[in-house]
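Here the structure comes first, spelled out in structure tokens, and everything after it is commentary.
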Amino acid sequence: MELLDKLNWRYAAKAMNGEKVAQEKINTIIEAASLAPTSSGLQPFEILVITNPEIKKQIRAIAWDQSVVTDCSHLLVFAAWDNYTEARINKMFDHTNTVRGFKNEGWENYRQKLLGFYPHRDAEENFHHAAKQAYISFSHAITAAAFEEVDSTPMEGFDPIALDEILNLKEKNLRSCLMLPLGYRDTENDWLAGLVKVRKSKEDLVTVID
């Protein structure tokens with residue numbers, strides 16, 4: 001029940017109090033995001049951790065002036081690959097071989113399968129596929145934050161083109177897709193704090209096919 005208790009505790013904080021989150025907790029949240037499953041294990045995204053106040057001010061200006069951007073302790077930006085390339089795929093496969101200490105014929109055949117598929121697809125289609133993988137990691141980060149009793153605010157409400165410019169993501173062949181402010185809720189100034197969590201009934205959410 002601990003998992004459900006933590007998930008019931010969390011909500012999308014609309015105001016944060018500026019208190020700093022211990023680096024150990026941030027490390028745990030990022031590690032959880034790293035452990036998320038991704039298609040073919042490619043992890044086609046990067047996570048930027050922003051604490052610079054000036055950078056956060058710039059981002060707030062292109063994020064509907066949401067106060068959590070500047071009042072959070074750490075701002076995570078999930079940026080997906082703008083495309084799948086041979087170099088990126090090979091890098092991950094080579095890294096896997098190095099960590100495991102051996103090459104596997106089936107694994108190498110799978111590498112060739114991916115090399116014959118992804119780099120030949122439309123770049124926009126590949127970006128959207130990569131962004132979906134970032135969402136999975138993003139969800140793990142939110143859950144880990146709840147376990148650490150750190151508040152978080154899932155955010156898509158920002159101008160991604162402007163954010164890419166602020167963070168120079170184009171130079172890294174990345175595109176922003178999600179932001180996750182981490183910090184502590186300001187209950188006095190958060191209209192959502194204390195309200196009952198509302199979700200669909202199980203009947204509306206789940207269909208069992210025996």
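Residue names in the structure tokens use chain letters A, B, ... in the order shown, residue numbers from 1 in each chain, and ligand numbers from 1 in the order shown.
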Residues of stretch 89-150 of chain A within 12 Å of stretch 184-202 of chain A: nearest atom pair and distance (Å, one decimal) for each, counting only C-alpha atoms, sorted by chain and number, as JSON lines?
{"residue": "A:Ala145", "atom": "CA", "partner": "A:Tyr184", "partner_atom": "CA", "distance": 10.6}
{"residue": "A:Ala146", "atom": "CA", "partner": "A:Tyr184", "partner_atom": "CA", "distance": 11.0}
{"residue": "A:Glu148", "atom": "CA", "partner": "A:Tyr184", "partner_atom": "CA", "distance": 11.1}
{"residue": "A:Glu149", "atom": "CA", "partner": "A:Tyr184", "partner_atom": "CA", "distance": 8.5}
{"residue": "A:Val150", "atom": "CA", "partner": "A:Tyr184", "partner_atom": "CA", "distance": 6.1}
When you look at A:Leu3 with a cut-off of 10 Å (counting only C-alpha atoms), what residues show up, excluding the ones that are within fewer than 6 positions of it in the same chain? I need them as a PDB file with N, CA, C and O atoms, in the first residue's frame.
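Result written to result-v1.pdb:
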ATOM      1  N   TRP A   9      -0.785  10.923  -2.173  1.00  0.00           N
ATOM      2  CA  TRP A   9      -0.248  12.137  -1.553  1.00  0.00           C
ATOM      3  C   TRP A   9       0.124  13.173  -2.608  1.00  0.00           C
ATOM      4  O   TRP A   9      -0.093  14.362  -2.425  1.00  0.00           O
ATOM      5  N   THR A 143       6.905   9.515  -9.970  1.00  0.00           N
ATOM      6  CA  THR A 143       6.669   8.513  -8.936  1.00  0.00           C
ATOM      7  C   THR A 143       7.783   8.531  -7.890  1.00  0.00           C
ATOM      8  O   THR A 143       7.527   8.473  -6.685  1.00  0.00           O
ATOM      9  N   ALA A 144       9.020   8.628  -8.367  1.00  0.00           N
ATOM     10  CA  ALA A 144      10.156   8.682  -7.430  1.00  0.00           C
ATOM     11  C   ALA A 144      10.078   9.927  -6.557  1.00  0.00           C
ATOM     12  O   ALA A 144      10.388   9.871  -5.363  1.00  0.00           O
ATOM     13  N   ALA A 146       7.411  11.427  -5.582  1.00  0.00           N
ATOM     14  CA  ALA A 146       6.377  11.179  -4.572  1.00  0.00           C
ATOM     15  C   ALA A 146       6.938  10.326  -3.430  1.00  0.00           C
ATOM     16  O   ALA A 146       6.653  10.580  -2.256  1.00  0.00           O
ATOM     17  N   PHE A 147       7.744   9.324  -3.759  1.00  0.00           N
ATOM     18  CA  PHE A 147       8.352   8.476  -2.736  1.00  0.00           C
ATOM     19  C   PHE A 147       9.285   9.277  -1.838  1.00  0.00           C
ATOM     20  O   PHE A 147       9.404   9.001  -0.642  1.00  0.00           O
TER      21      PHE A 147
END
Sel. of alpha helix (DSSP H) residues, stretch 5-64 of chain A, as a PDB file with all heavy atoms, in the first residue's frame:
ATOM      1  N   ASP A   5      -0.260   4.938  -1.335  1.00  0.00           N
ATOM      2  CA  ASP A   5      -0.294   6.053  -0.375  1.00  0.00           C
ATOM      3  C   ASP A   5       0.505   7.238  -0.906  1.00  0.00           C
ATOM      4  O   ASP A   5       0.056   8.391  -0.830  1.00  0.00           O
ATOM      5  CB  ASP A   5       0.261   5.618   0.977  1.00  0.00           C
ATOM      6  CG  ASP A   5      -0.669   4.660   1.712  1.00  0.00           C
ATOM      7  OD1 ASP A   5      -1.865   4.611   1.366  1.00  0.00           O
ATOM      8  OD2 ASP A   5      -0.195   3.955   2.618  1.00  0.00           O
ATOM      9  N   LYS A   6       1.686   6.975  -1.441  1.00  0.00           N
ATOM     10  CA  LYS A   6       2.534   8.037  -1.964  1.00  0.00           C
ATOM     11  C   LYS A   6       1.894   8.699  -3.193  1.00  0.00           C
ATOM     12  O   LYS A   6       1.951   9.921  -3.353  1.00  0.00           O
ATOM     13  CB  LYS A   6       3.908   7.494  -2.336  1.00  0.00           C
ATOM     14  CG  LYS A   6       4.711   6.946  -1.167  1.00  0.00           C
ATOM     15  CD  LYS A   6       5.121   8.048  -0.202  1.00  0.00           C
ATOM     16  CE  LYS A   6       6.073   7.503   0.857  1.00  0.00           C
ATOM     17  NZ  LYS A   6       6.477   8.547   1.836  1.00  0.00           N
ATOM     18  N   LEU A   7       1.290   7.882  -4.048  1.00  0.00           N
ATOM     19  CA  LEU A   7       0.674   8.429  -5.254  1.00  0.00           C
ATOM     20  C   LEU A   7      -0.587   9.218  -4.920  1.00  0.00           C
ATOM     21  O   LEU A   7      -0.937  10.181  -5.631  1.00  0.00           O
ATOM     22  CB  LEU A   7       0.361   7.309  -6.247  1.00  0.00           C
ATOM     23  CG  LEU A   7       1.592   6.615  -6.844  1.00  0.00           C
ATOM     24  CD1 LEU A   7       1.168   5.520  -7.811  1.00  0.00           C
ATOM     25  CD2 LEU A   7       2.509   7.618  -7.548  1.00  0.00           C
ATOM     26  N   ASN A   8      -1.271   8.830  -3.863  1.00  0.00           N
ATOM     27  CA  ASN A   8      -2.423   9.619  -3.416  1.00  0.00           C
ATOM     28  C   ASN A   8      -1.983  10.922  -2.773  1.00  0.00           C
ATOM     29  O   ASN A   8      -2.691  11.928  -2.829  1.00  0.00           O
ATOM     30  CB  ASN A   8      -3.274   8.810  -2.437  1.00  0.00           C
ATOM     31  CG  ASN A   8      -4.316   7.971  -3.139  1.00  0.00           C
ATOM     32  OD1 ASN A   8      -5.172   8.496  -3.846  1.00  0.00           O
ATOM     33  ND2 ASN A   8      -4.252   6.662  -2.975  1.00  0.00           N
ATOM     34  N   TRP A   9      -0.785  10.923  -2.173  1.00  0.00           N
ATOM     35  CA  TRP A   9      -0.248  12.137  -1.553  1.00  0.00           C
ATOM     36  C   TRP A   9       0.124  13.173  -2.608  1.00  0.00           C
ATOM     37  O   TRP A   9      -0.093  14.362  -2.425  1.00  0.00           O
ATOM     38  CB  TRP A   9       0.979  11.769  -0.721  1.00  0.00           C
ATOM     39  CG  TRP A   9       1.756  12.951  -0.228  1.00  0.00           C
ATOM     40  CD1 TRP A   9       1.503  13.679   0.903  1.00  0.00           C
ATOM     41  CD2 TRP A   9       2.897  13.566  -0.852  1.00  0.00           C
ATOM     42  NE1 TRP A   9       2.409  14.705   1.026  1.00  0.00           N
ATOM     43  CE2 TRP A   9       3.277  14.664  -0.040  1.00  0.00           C
ATOM     44  CE3 TRP A   9       3.621  13.301  -2.011  1.00  0.00           C
ATOM     45  CZ2 TRP A   9       4.358  15.483  -0.372  1.00  0.00           C
ATOM     46  CZ3 TRP A   9       4.692  14.118  -2.337  1.00  0.00           C
ATOM     47  CH2 TRP A   9       5.059  15.197  -1.515  1.00  0.00           C
ATOM     48  N   GLN A  23      20.192  17.296  -2.523  1.00  0.00           N
ATOM     49  CA  GLN A  23      20.748  16.717  -3.747  1.00  0.00           C
ATOM     50  C   GLN A  23      20.573  15.206  -3.782  1.00  0.00           C
ATOM     51  O   GLN A  23      20.382  14.615  -4.854  1.00  0.00           O
ATOM     52  CB  GLN A  23      22.230  17.082  -3.875  1.00  0.00           C
ATOM     53  CG  GLN A  23      22.841  16.702  -5.208  1.00  0.00           C
ATOM     54  CD  GLN A  23      22.163  17.395  -6.375  1.00  0.00           C
ATOM     55  OE1 GLN A  23      21.906  18.598  -6.338  1.00  0.00           O
ATOM     56  NE2 GLN A  23      21.853  16.637  -7.426  1.00  0.00           N
ATOM     57  N   GLU A  24      20.622  14.560  -2.633  1.00  0.00           N
ATOM     58  CA  GLU A  24      20.439  13.106  -2.577  1.00  0.00           C
ATOM     59  C   GLU A  24      19.081  12.704  -3.125  1.00  0.00           C
ATOM     60  O   GLU A  24      18.950  11.698  -3.843  1.00  0.00           O
ATOM     61  CB  GLU A  24      20.593  12.617  -1.133  1.00  0.00           C
ATOM     62  CG  GLU A  24      20.457  11.102  -0.992  1.00  0.00           C
ATOM     63  CD  GLU A  24      20.631  10.648   0.447  1.00  0.00           C
ATOM     64  OE1 GLU A  24      20.961  11.487   1.307  1.00  0.00           O
ATOM     65  OE2 GLU A  24      20.437   9.439   0.701  1.00  0.00           O
ATOM     66  N   LYS A  25      18.051  13.488  -2.804  1.00  0.00           N
ATOM     67  CA  LYS A  25      16.714  13.203  -3.316  1.00  0.00           C
ATOM     68  C   LYS A  25      16.643  13.431  -4.828  1.00  0.00           C
ATOM     69  O   LYS A  25      16.022  12.647  -5.567  1.00  0.00           O
ATOM     70  CB  LYS A  25      15.669  14.064  -2.598  1.00  0.00           C
ATOM     71  CG  LYS A  25      15.443  13.707  -1.130  1.00  0.00           C
ATOM     72  CD  LYS A  25      14.423  14.627  -0.495  1.00  0.00           C
ATOM     73  CE  LYS A  25      14.144  14.243   0.962  1.00  0.00           C
ATOM     74  NZ  LYS A  25      13.383  12.993   1.069  1.00  0.00           N
ATOM     75  N   ILE A  26      17.275  14.508  -5.285  1.00  0.00           N
ATOM     76  CA  ILE A  26      17.303  14.778  -6.717  1.00  0.00           C
ATOM     77  C   ILE A  26      18.002  13.639  -7.451  1.00  0.00           C
ATOM     78  O   ILE A  26      17.538  13.178  -8.511  1.00  0.00           O
ATOM     79  CB  ILE A  26      18.018  16.115  -7.007  1.00  0.00           C
ATOM     80  CG1 ILE A  26      17.263  17.286  -6.361  1.00  0.00           C
ATOM     81  CG2 ILE A  26      18.172  16.331  -8.510  1.00  0.00           C
ATOM     82  CD1 ILE A  26      15.863  17.504  -6.893  1.00  0.00           C
ATOM     83  N   ASN A  27      19.102  13.167  -6.895  1.00  0.00           N
ATOM     84  CA  ASN A  27      19.838  12.062  -7.513  1.00  0.00           C
ATOM     85  C   ASN A  27      18.971  10.813  -7.632  1.00  0.00           C
ATOM     86  O   ASN A  27      19.020  10.100  -8.646  1.00  0.00           O
ATOM     87  CB  ASN A  27      21.098  11.744  -6.713  1.00  0.00           C
ATOM     88  CG  ASN A  27      22.133  12.859  -6.763  1.00  0.00           C
ATOM     89  OD1 ASN A  27      22.068  13.746  -7.612  1.00  0.00           O
ATOM     90  ND2 ASN A  27      23.084  12.829  -5.841  1.00  0.00           N
ATOM     91  N   THR A  28      18.194  10.538  -6.593  1.00  0.00           N
ATOM     92  CA  THR A  28      17.307   9.373  -6.605  1.00  0.00           C
ATOM     93  C   THR A  28      16.252   9.507  -7.686  1.00  0.00           C
ATOM     94  O   THR A  28      15.956   8.543  -8.410  1.00  0.00           O
ATOM     95  CB  THR A  28      16.629   9.200  -5.233  1.00  0.00           C
ATOM     96  OG1 THR A  28      17.621   8.944  -4.245  1.00  0.00           O
ATOM     97  CG2 THR A  28      15.627   8.051  -5.250  1.00  0.00           C
ATOM     98  N   ILE A  29      15.681  10.695  -7.813  1.00  0.00           N
ATOM     99  CA  ILE A  29      14.645  10.936  -8.822  1.00  0.00           C
ATOM    100  C   ILE A  29      15.209  10.753 -10.229  1.00  0.00           C
ATOM    101  O   ILE A  29      14.587  10.121 -11.096  1.00  0.00           O
ATOM    102  CB  ILE A  29      14.053  12.343  -8.639  1.00  0.00           C
ATOM    103  CG1 ILE A  29      13.280  12.420  -7.310  1.00  0.00           C
ATOM    104  CG2 ILE A  29      13.143  12.718  -9.808  1.00  0.00           C
ATOM    105  CD1 ILE A  29      12.940  13.830  -6.867  1.00  0.00           C
ATOM    106  N   ILE A  30      16.388  11.285 -10.466  1.00  0.00           N
ATOM    107  CA  ILE A  30      17.013  11.159 -11.785  1.00  0.00           C
ATOM    108  C   ILE A  30      17.389   9.707 -12.074  1.00  0.00           C
ATOM    109  O   ILE A  30      17.230   9.221 -13.204  1.00  0.00           O
ATOM    110  CB  ILE A  30      18.229  12.087 -11.879  1.00  0.00           C
ATOM    111  CG1 ILE A  30      17.769  13.550 -11.839  1.00  0.00           C
ATOM    112  CG2 ILE A  30      19.029  11.811 -13.153  1.00  0.00           C
ATOM    113  CD1 ILE A  30      18.895  14.544 -11.752  1.00  0.00           C
ATOM    114  N   GLU A  31      17.867   8.997 -11.057  1.00  0.00           N
ATOM    115  CA  GLU A  31      18.211   7.590 -11.241  1.00  0.00           C
ATOM    116  C   GLU A  31      16.975   6.776 -11.597  1.00  0.00           C
ATOM    117  O   GLU A  31      17.027   5.885 -12.461  1.00  0.00           O
ATOM    118  CB  GLU A  31      18.862   7.044  -9.973  1.00  0.00           C
ATOM    119  CG  GLU A  31      19.270   5.577 -10.046  1.00  0.00           C
ATOM    120  CD  GLU A  31      20.390   5.313 -11.043  1.00  0.00           C
ATOM    121  OE1 GLU A  31      21.052   6.277 -11.487  1.00  0.00           O
ATOM    122  OE2 GLU A  31      20.600   4.133 -11.388  1.00  0.00           O
ATOM    123  N   ALA A  32      15.851   7.082 -10.946  1.00  0.00           N
ATOM    124  CA  ALA A  32      14.601   6.391 -11.266  1.00  0.00           C
ATOM    125  C   ALA A  32      14.193   6.665 -12.706  1.00  0.00           C
ATOM    126  O   ALA A  32      13.744   5.763 -13.426  1.00  0.00           O
ATOM    127  CB  ALA A  32      13.494   6.842 -10.311  1.00  0.00           C
ATOM    128  N   ALA A  33      14.367   7.909 -13.148  1.00  0.00           N
ATOM    129  CA  ALA A  33      14.051   8.253 -14.534  1.00  0.00           C
ATOM    130  C   ALA A  33      14.936   7.478 -15.493  1.00  0.00           C
ATOM    131  O   ALA A  33      14.495   7.019 -16.549  1.00  0.00           O
ATOM    132  CB  ALA A  33      14.214   9.755 -14.750  1.00  0.00           C
ATOM    133  N   SER A  34      16.197   7.300 -15.114  1.00  0.00           N
ATOM    134  CA  SER A  34      17.142   6.563 -15.946  1.00  0.00           C
ATOM    135  C   SER A  34      16.787   5.084 -16.031  1.00  0.00           C
ATOM    136  O   SER A  34      17.056   4.435 -17.050  1.00  0.00           O
ATOM    137  CB  SER A  34      18.560   6.714 -15.385  1.00  0.00           C
ATOM    138  OG  SER A  34      19.488   5.925 -16.100  1.00  0.00           O
ATOM    139  N   PRO A  53      18.887  30.687 -11.442  1.00  0.00           N
ATOM    140  CA  PRO A  53      17.701  31.543 -11.327  1.00  0.00           C
ATOM    141  C   PRO A  53      17.411  32.356 -12.591  1.00  0.00           C
ATOM    142  O   PRO A  53      16.241  32.541 -12.965  1.00  0.00           O
ATOM    143  CB  PRO A  53      18.043  32.474 -10.148  1.00  0.00           C
ATOM    144  CG  PRO A  53      19.082  31.746  -9.375  1.00  0.00           C
ATOM    145  CD  PRO A  53      19.884  30.992 -10.391  1.00  0.00           C
ATOM    146  N   GLU A  54      18.433  32.840 -13.262  1.00  0.00           N
ATOM    147  CA  GLU A  54      18.228  33.649 -14.460  1.00  0.00           C
ATOM    148  C   GLU A  54      17.657  32.812 -15.598  1.00  0.00           C
ATOM    149  O   GLU A  54      16.782  33.275 -16.339  1.00  0.00           O
ATOM    150  CB  GLU A  54      19.543  34.318 -14.884  1.00  0.00           C
ATOM    151  CG  GLU A  54      20.048  35.360 -13.907  1.00  0.00           C
ATOM    152  CD  GLU A  54      19.014  36.452 -13.657  1.00  0.00           C
ATOM    153  OE1 GLU A  54      18.371  36.903 -14.640  1.00  0.00           O
ATOM    154  OE2 GLU A  54      18.826  36.838 -12.489  1.00  0.00           O
ATOM    155  N   ILE A  55      18.163  31.605 -15.732  1.00  0.00           N
ATOM    156  CA  ILE A  55      17.636  30.716 -16.769  1.00  0.00           C
ATOM    157  C   ILE A  55      16.177  30.371 -16.469  1.00  0.00           C
ATOM    158  O   ILE A  55      15.327  30.344 -17.368  1.00  0.00           O
ATOM    159  CB  ILE A  55      18.473  29.431 -16.871  1.00  0.00           C
ATOM    160  CG1 ILE A  55      19.916  29.754 -17.276  1.00  0.00           C
ATOM    161  CG2 ILE A  55      17.848  28.462 -17.884  1.00  0.00           C
ATOM    162  CD1 ILE A  55      20.052  30.386 -18.633  1.00  0.00           C
ATOM    163  N   LYS A  56      15.873  30.133 -15.197  1.00  0.00           N
ATOM    164  CA  LYS A  56      14.494  29.811 -14.827  1.00  0.00           C
ATOM    165  C   LYS A  56      13.559  30.984 -15.108  1.00  0.00           C
ATOM    166  O   LYS A  56      12.414  30.790 -15.525  1.00  0.00           O
ATOM    167  CB  LYS A  56      14.422  29.385 -13.356  1.00  0.00           C
ATOM    168  CG  LYS A  56      15.060  28.020 -13.095  1.00  0.00           C
ATOM    169  CD  LYS A  56      14.596  27.390 -11.792  1.00  0.00           C
ATOM    170  CE  LYS A  56      15.131  28.080 -10.574  1.00  0.00           C
ATOM    171  NZ  LYS A  56      14.778  27.367  -9.323  1.00  0.00           N
ATOM    172  N   LYS A  57      14.039  32.203 -14.910  1.00  0.00           N
ATOM    173  CA  LYS A  57      13.222  33.379 -15.227  1.00  0.00           C
ATOM    174  C   LYS A  57      12.916  33.449 -16.713  1.00  0.00           C
ATOM    175  O   LYS A  57      11.796  33.766 -17.126  1.00  0.00           O
ATOM    176  CB  LYS A  57      13.947  34.657 -14.787  1.00  0.00           C
ATOM    177  CG  LYS A  57      13.932  34.915 -13.296  1.00  0.00           C
ATOM    178  CD  LYS A  57      14.662  36.213 -12.968  1.00  0.00           C
ATOM    179  CE  LYS A  57      14.710  36.466 -11.466  1.00  0.00           C
ATOM    180  NZ  LYS A  57      15.456  37.715 -11.150  1.00  0.00           N
ATOM    181  N   GLN A  58      13.918  33.163 -17.531  1.00  0.00           N
ATOM    182  CA  GLN A  58      13.712  33.161 -18.980  1.00  0.00           C
ATOM    183  C   GLN A  58      12.686  32.102 -19.378  1.00  0.00           C
ATOM    184  O   GLN A  58      11.833  32.346 -20.243  1.00  0.00           O
ATOM    185  CB  GLN A  58      15.027  32.899 -19.700  1.00  0.00           C
ATOM    186  CG  GLN A  58      16.054  34.008 -19.579  1.00  0.00           C
ATOM    187  CD  GLN A  58      17.345  33.654 -20.296  1.00  0.00           C
ATOM    188  OE1 GLN A  58      17.324  33.191 -21.438  1.00  0.00           O
ATOM    189  NE2 GLN A  58      18.483  33.842 -19.625  1.00  0.00           N
ATOM    190  N   ILE A  59      12.774  30.952 -18.744  1.00  0.00           N
ATOM    191  CA  ILE A  59      11.844  29.865 -19.076  1.00  0.00           C
ATOM    192  C   ILE A  59      10.436  30.204 -18.605  1.00  0.00           C
ATOM    193  O   ILE A  59       9.452  29.949 -19.309  1.00  0.00           O
ATOM    194  CB  ILE A  59      12.330  28.546 -18.455  1.00  0.00           C
ATOM    195  CG1 ILE A  59      13.667  28.134 -19.097  1.00  0.00           C
ATOM    196  CG2 ILE A  59      11.287  27.439 -18.646  1.00  0.00           C
ATOM    197  CD1 ILE A  59      14.305  26.929 -18.464  1.00  0.00           C
ATOM    198  N   ARG A  60      10.313  30.819 -17.437  1.00  0.00           N
ATOM    199  CA  ARG A  60       8.979  31.199 -16.942  1.00  0.00           C
ATOM    200  C   ARG A  60       8.275  32.111 -17.935  1.00  0.00           C
ATOM    201  O   ARG A  60       7.056  31.999 -18.150  1.00  0.00           O
ATOM    202  CB  ARG A  60       9.108  31.882 -15.580  1.00  0.00           C
ATOM    203  CG  ARG A  60       7.772  32.388 -15.033  1.00  0.00           C
ATOM    204  CD  ARG A  60       7.898  32.890 -13.613  1.00  0.00           C
ATOM    205  NE  ARG A  60       6.653  33.496 -13.135  1.00  0.00           N
ATOM    206  CZ  ARG A  60       6.421  33.857 -11.880  1.00  0.00           C
ATOM    207  NH1 ARG A  60       7.361  33.679 -10.953  1.00  0.00           N
ATOM    208  NH2 ARG A  60       5.262  34.393 -11.531  1.00  0.00           N
ATOM    209  N   ALA A  61       9.031  32.987 -18.579  1.00  0.00           N
ATOM    210  CA  ALA A  61       8.442  33.940 -19.524  1.00  0.00           C
ATOM    211  C   ALA A  61       7.839  33.250 -20.737  1.00  0.00           C
ATOM    212  O   ALA A  61       6.928  33.807 -21.379  1.00  0.00           O
ATOM    213  CB  ALA A  61       9.495  34.945 -19.970  1.00  0.00           C
TER     214      ALA A  61
END
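Residues in contact with stretch 40-43 of chain A at 9 Å, where only C-alpha atoms are counted and same-chain residues fewer than 4 positions away are skipped, are listed as Ser34, Ala36, Ala80, Arg88, Ile89, Met92, Phe93, Leu114, Ala130, Gln133, Ala134 and Ser137 of chain A.
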Surrounding residues of stretch 171-176 of chain A excluding itself and chain neighbours under 6 positions, 10 Å, only C-alpha atoms, as a ChimeraX atom specification: /A:44-48,77-83,127,130-131,134,156,158-165
Grab the residues selected above and save them as a PDB file, in the first residue's frame with N, CA and C atoms.
ATOM      1  N   PRO A  44      16.270   7.484 -25.880  1.00  0.00           N
ATOM      2  CA  PRO A  44      16.495   8.537 -26.879  1.00  0.00           C
ATOM      3  C   PRO A  44      16.113   9.944 -26.388  1.00  0.00           C
ATOM      4  N   PHE A  45      16.677  10.328 -25.267  1.00  0.00           N
ATOM      5  CA  PHE A  45      16.375  11.642 -24.692  1.00  0.00           C
ATOM      6  C   PHE A  45      17.467  11.989 -23.692  1.00  0.00           C
ATOM      7  N   GLU A  46      17.462  13.233 -23.267  1.00  0.00           N
ATOM      8  CA  GLU A  46      18.352  13.677 -22.201  1.00  0.00           C
ATOM      9  C   GLU A  46      17.532  14.468 -21.186  1.00  0.00           C
ATOM     10  N   ILE A  47      18.059  14.580 -19.976  1.00  0.00           N
ATOM     11  CA  ILE A  47      17.391  15.329 -18.908  1.00  0.00           C
ATOM     12  C   ILE A  47      18.299  16.470 -18.495  1.00  0.00           C
ATOM     13  N   LEU A  48      17.801  17.675 -18.598  1.00  0.00           N
ATOM     14  CA  LEU A  48      18.552  18.851 -18.161  1.00  0.00           C
ATOM     15  C   LEU A  48      18.045  19.253 -16.785  1.00  0.00           C
ATOM     16  N   VAL A  77      14.122  19.345 -17.419  1.00  0.00           N
ATOM     17  CA  VAL A  77      13.625  19.444 -18.787  1.00  0.00           C
ATOM     18  C   VAL A  77      13.977  18.146 -19.500  1.00  0.00           C
ATOM     19  N   PHE A  78      12.965  17.483 -20.015  1.00  0.00           N
ATOM     20  CA  PHE A  78      13.166  16.260 -20.783  1.00  0.00           C
ATOM     21  C   PHE A  78      13.198  16.632 -22.261  1.00  0.00           C
ATOM     22  N   ALA A  79      14.320  16.335 -22.900  1.00  0.00           N
ATOM     23  CA  ALA A  79      14.518  16.697 -24.308  1.00  0.00           C
ATOM     24  C   ALA A  79      14.806  15.439 -25.111  1.00  0.00           C
ATOM     25  N   ALA A  80      13.979  15.194 -26.119  1.00  0.00           N
ATOM     26  CA  ALA A  80      14.108  13.979 -26.922  1.00  0.00           C
ATOM     27  C   ALA A  80      15.043  14.193 -28.104  1.00  0.00           C
ATOM     28  N   TRP A  81      15.616  13.106 -28.595  1.00  0.00           N
ATOM     29  CA  TRP A  81      16.402  13.170 -29.817  1.00  0.00           C
ATOM     30  C   TRP A  81      15.544  13.761 -30.932  1.00  0.00           C
ATOM     31  N   ASP A  82      16.126  14.594 -31.756  1.00  0.00           N
ATOM     32  CA  ASP A  82      15.370  15.136 -32.885  1.00  0.00           C
ATOM     33  C   ASP A  82      15.256  14.116 -34.013  1.00  0.00           C
ATOM     34  N   ASN A  83      16.059  13.041 -33.934  1.00  0.00           N
ATOM     35  CA  ASN A  83      16.010  11.993 -34.947  1.00  0.00           C
ATOM     36  C   ASN A  83      16.823  10.797 -34.450  1.00  0.00           C
ATOM     37  N   PHE A 127      11.202  11.710 -34.026  1.00  0.00           N
ATOM     38  CA  PHE A 127      11.171  12.558 -32.835  1.00  0.00           C
ATOM     39  C   PHE A 127       9.978  12.217 -31.949  1.00  0.00           C
ATOM     40  N   ALA A 130      10.654   9.128 -30.069  1.00  0.00           N
ATOM     41  CA  ALA A 130      11.607   9.389 -28.985  1.00  0.00           C
ATOM     42  C   ALA A 130      10.936  10.116 -27.829  1.00  0.00           C
ATOM     43  N   ALA A 131      10.055  11.063 -28.152  1.00  0.00           N
ATOM     44  CA  ALA A 131       9.356  11.819 -27.116  1.00  0.00           C
ATOM     45  C   ALA A 131       8.485  10.901 -26.258  1.00  0.00           C
ATOM     46  N   ALA A 134      10.556   9.486 -23.642  1.00  0.00           N
ATOM     47  CA  ALA A 134      10.818  10.477 -22.595  1.00  0.00           C
ATOM     48  C   ALA A 134       9.653  10.546 -21.612  1.00  0.00           C
ATOM     49  N   GLU A 156       3.493  20.637 -19.788  1.00  0.00           N
ATOM     50  CA  GLU A 156       3.636  20.750 -21.239  1.00  0.00           C
ATOM     51  C   GLU A 156       3.345  22.181 -21.682  1.00  0.00           C
ATOM     52  N   PHE A 158       4.353  25.233 -22.324  1.00  0.00           N
ATOM     53  CA  PHE A 158       5.466  26.140 -22.620  1.00  0.00           C
ATOM     54  C   PHE A 158       5.694  26.139 -24.118  1.00  0.00           C
ATOM     55  N   ASP A 159       6.442  27.108 -24.585  1.00  0.00           N
ATOM     56  CA  ASP A 159       6.775  27.208 -26.005  1.00  0.00           C
ATOM     57  C   ASP A 159       8.040  26.386 -26.246  1.00  0.00           C
ATOM     58  N   PRO A 160       7.923  25.211 -26.856  1.00  0.00           N
ATOM     59  CA  PRO A 160       9.094  24.343 -27.000  1.00  0.00           C
ATOM     60  C   PRO A 160      10.178  24.928 -27.897  1.00  0.00           C
ATOM     61  N   ILE A 161       9.792  25.674 -28.906  1.00  0.00           N
ATOM     62  CA  ILE A 161      10.794  26.271 -29.796  1.00  0.00           C
ATOM     63  C   ILE A 161      11.614  27.302 -29.031  1.00  0.00           C
ATOM     64  N   ALA A 162      10.913  28.124 -28.229  1.00  0.00           N
ATOM     65  CA  ALA A 162      11.612  29.127 -27.426  1.00  0.00           C
ATOM     66  C   ALA A 162      12.492  28.467 -26.369  1.00  0.00           C
ATOM     67  N   LEU A 163      11.992  27.392 -25.762  1.00  0.00           N
ATOM     68  CA  LEU A 163      12.784  26.690 -24.746  1.00  0.00           C
ATOM     69  C   LEU A 163      14.034  26.076 -25.371  1.00  0.00           C
ATOM     70  N   ASP A 164      13.882  25.529 -26.553  1.00  0.00           N
ATOM     71  CA  ASP A 164      15.034  24.965 -27.254  1.00  0.00           C
ATOM     72  C   ASP A 164      16.104  26.027 -27.488  1.00  0.00           C
ATOM     73  N   GLU A 165      15.656  27.236 -27.787  1.00  0.00           N
ATOM     74  CA  GLU A 165      16.609  28.328 -28.016  1.00  0.00           C
ATOM     75  C   GLU A 165      17.307  28.736 -26.723  1.00  0.00           C
TER      76      GLU A 165
END
When DSSP works through the backbone of this structure, what residues of stretch 12-147 of chain A end up as strand (DSSP E or B), shown as a PyMOL selection string? chain A and resi 12+16+45-50+74-81
From the list A:Trp64, A:Phe102, A:Tyr11, A:Tyr84, which residue is nearest A:Pro119 when using only C-alpha atoms? A:Tyr84
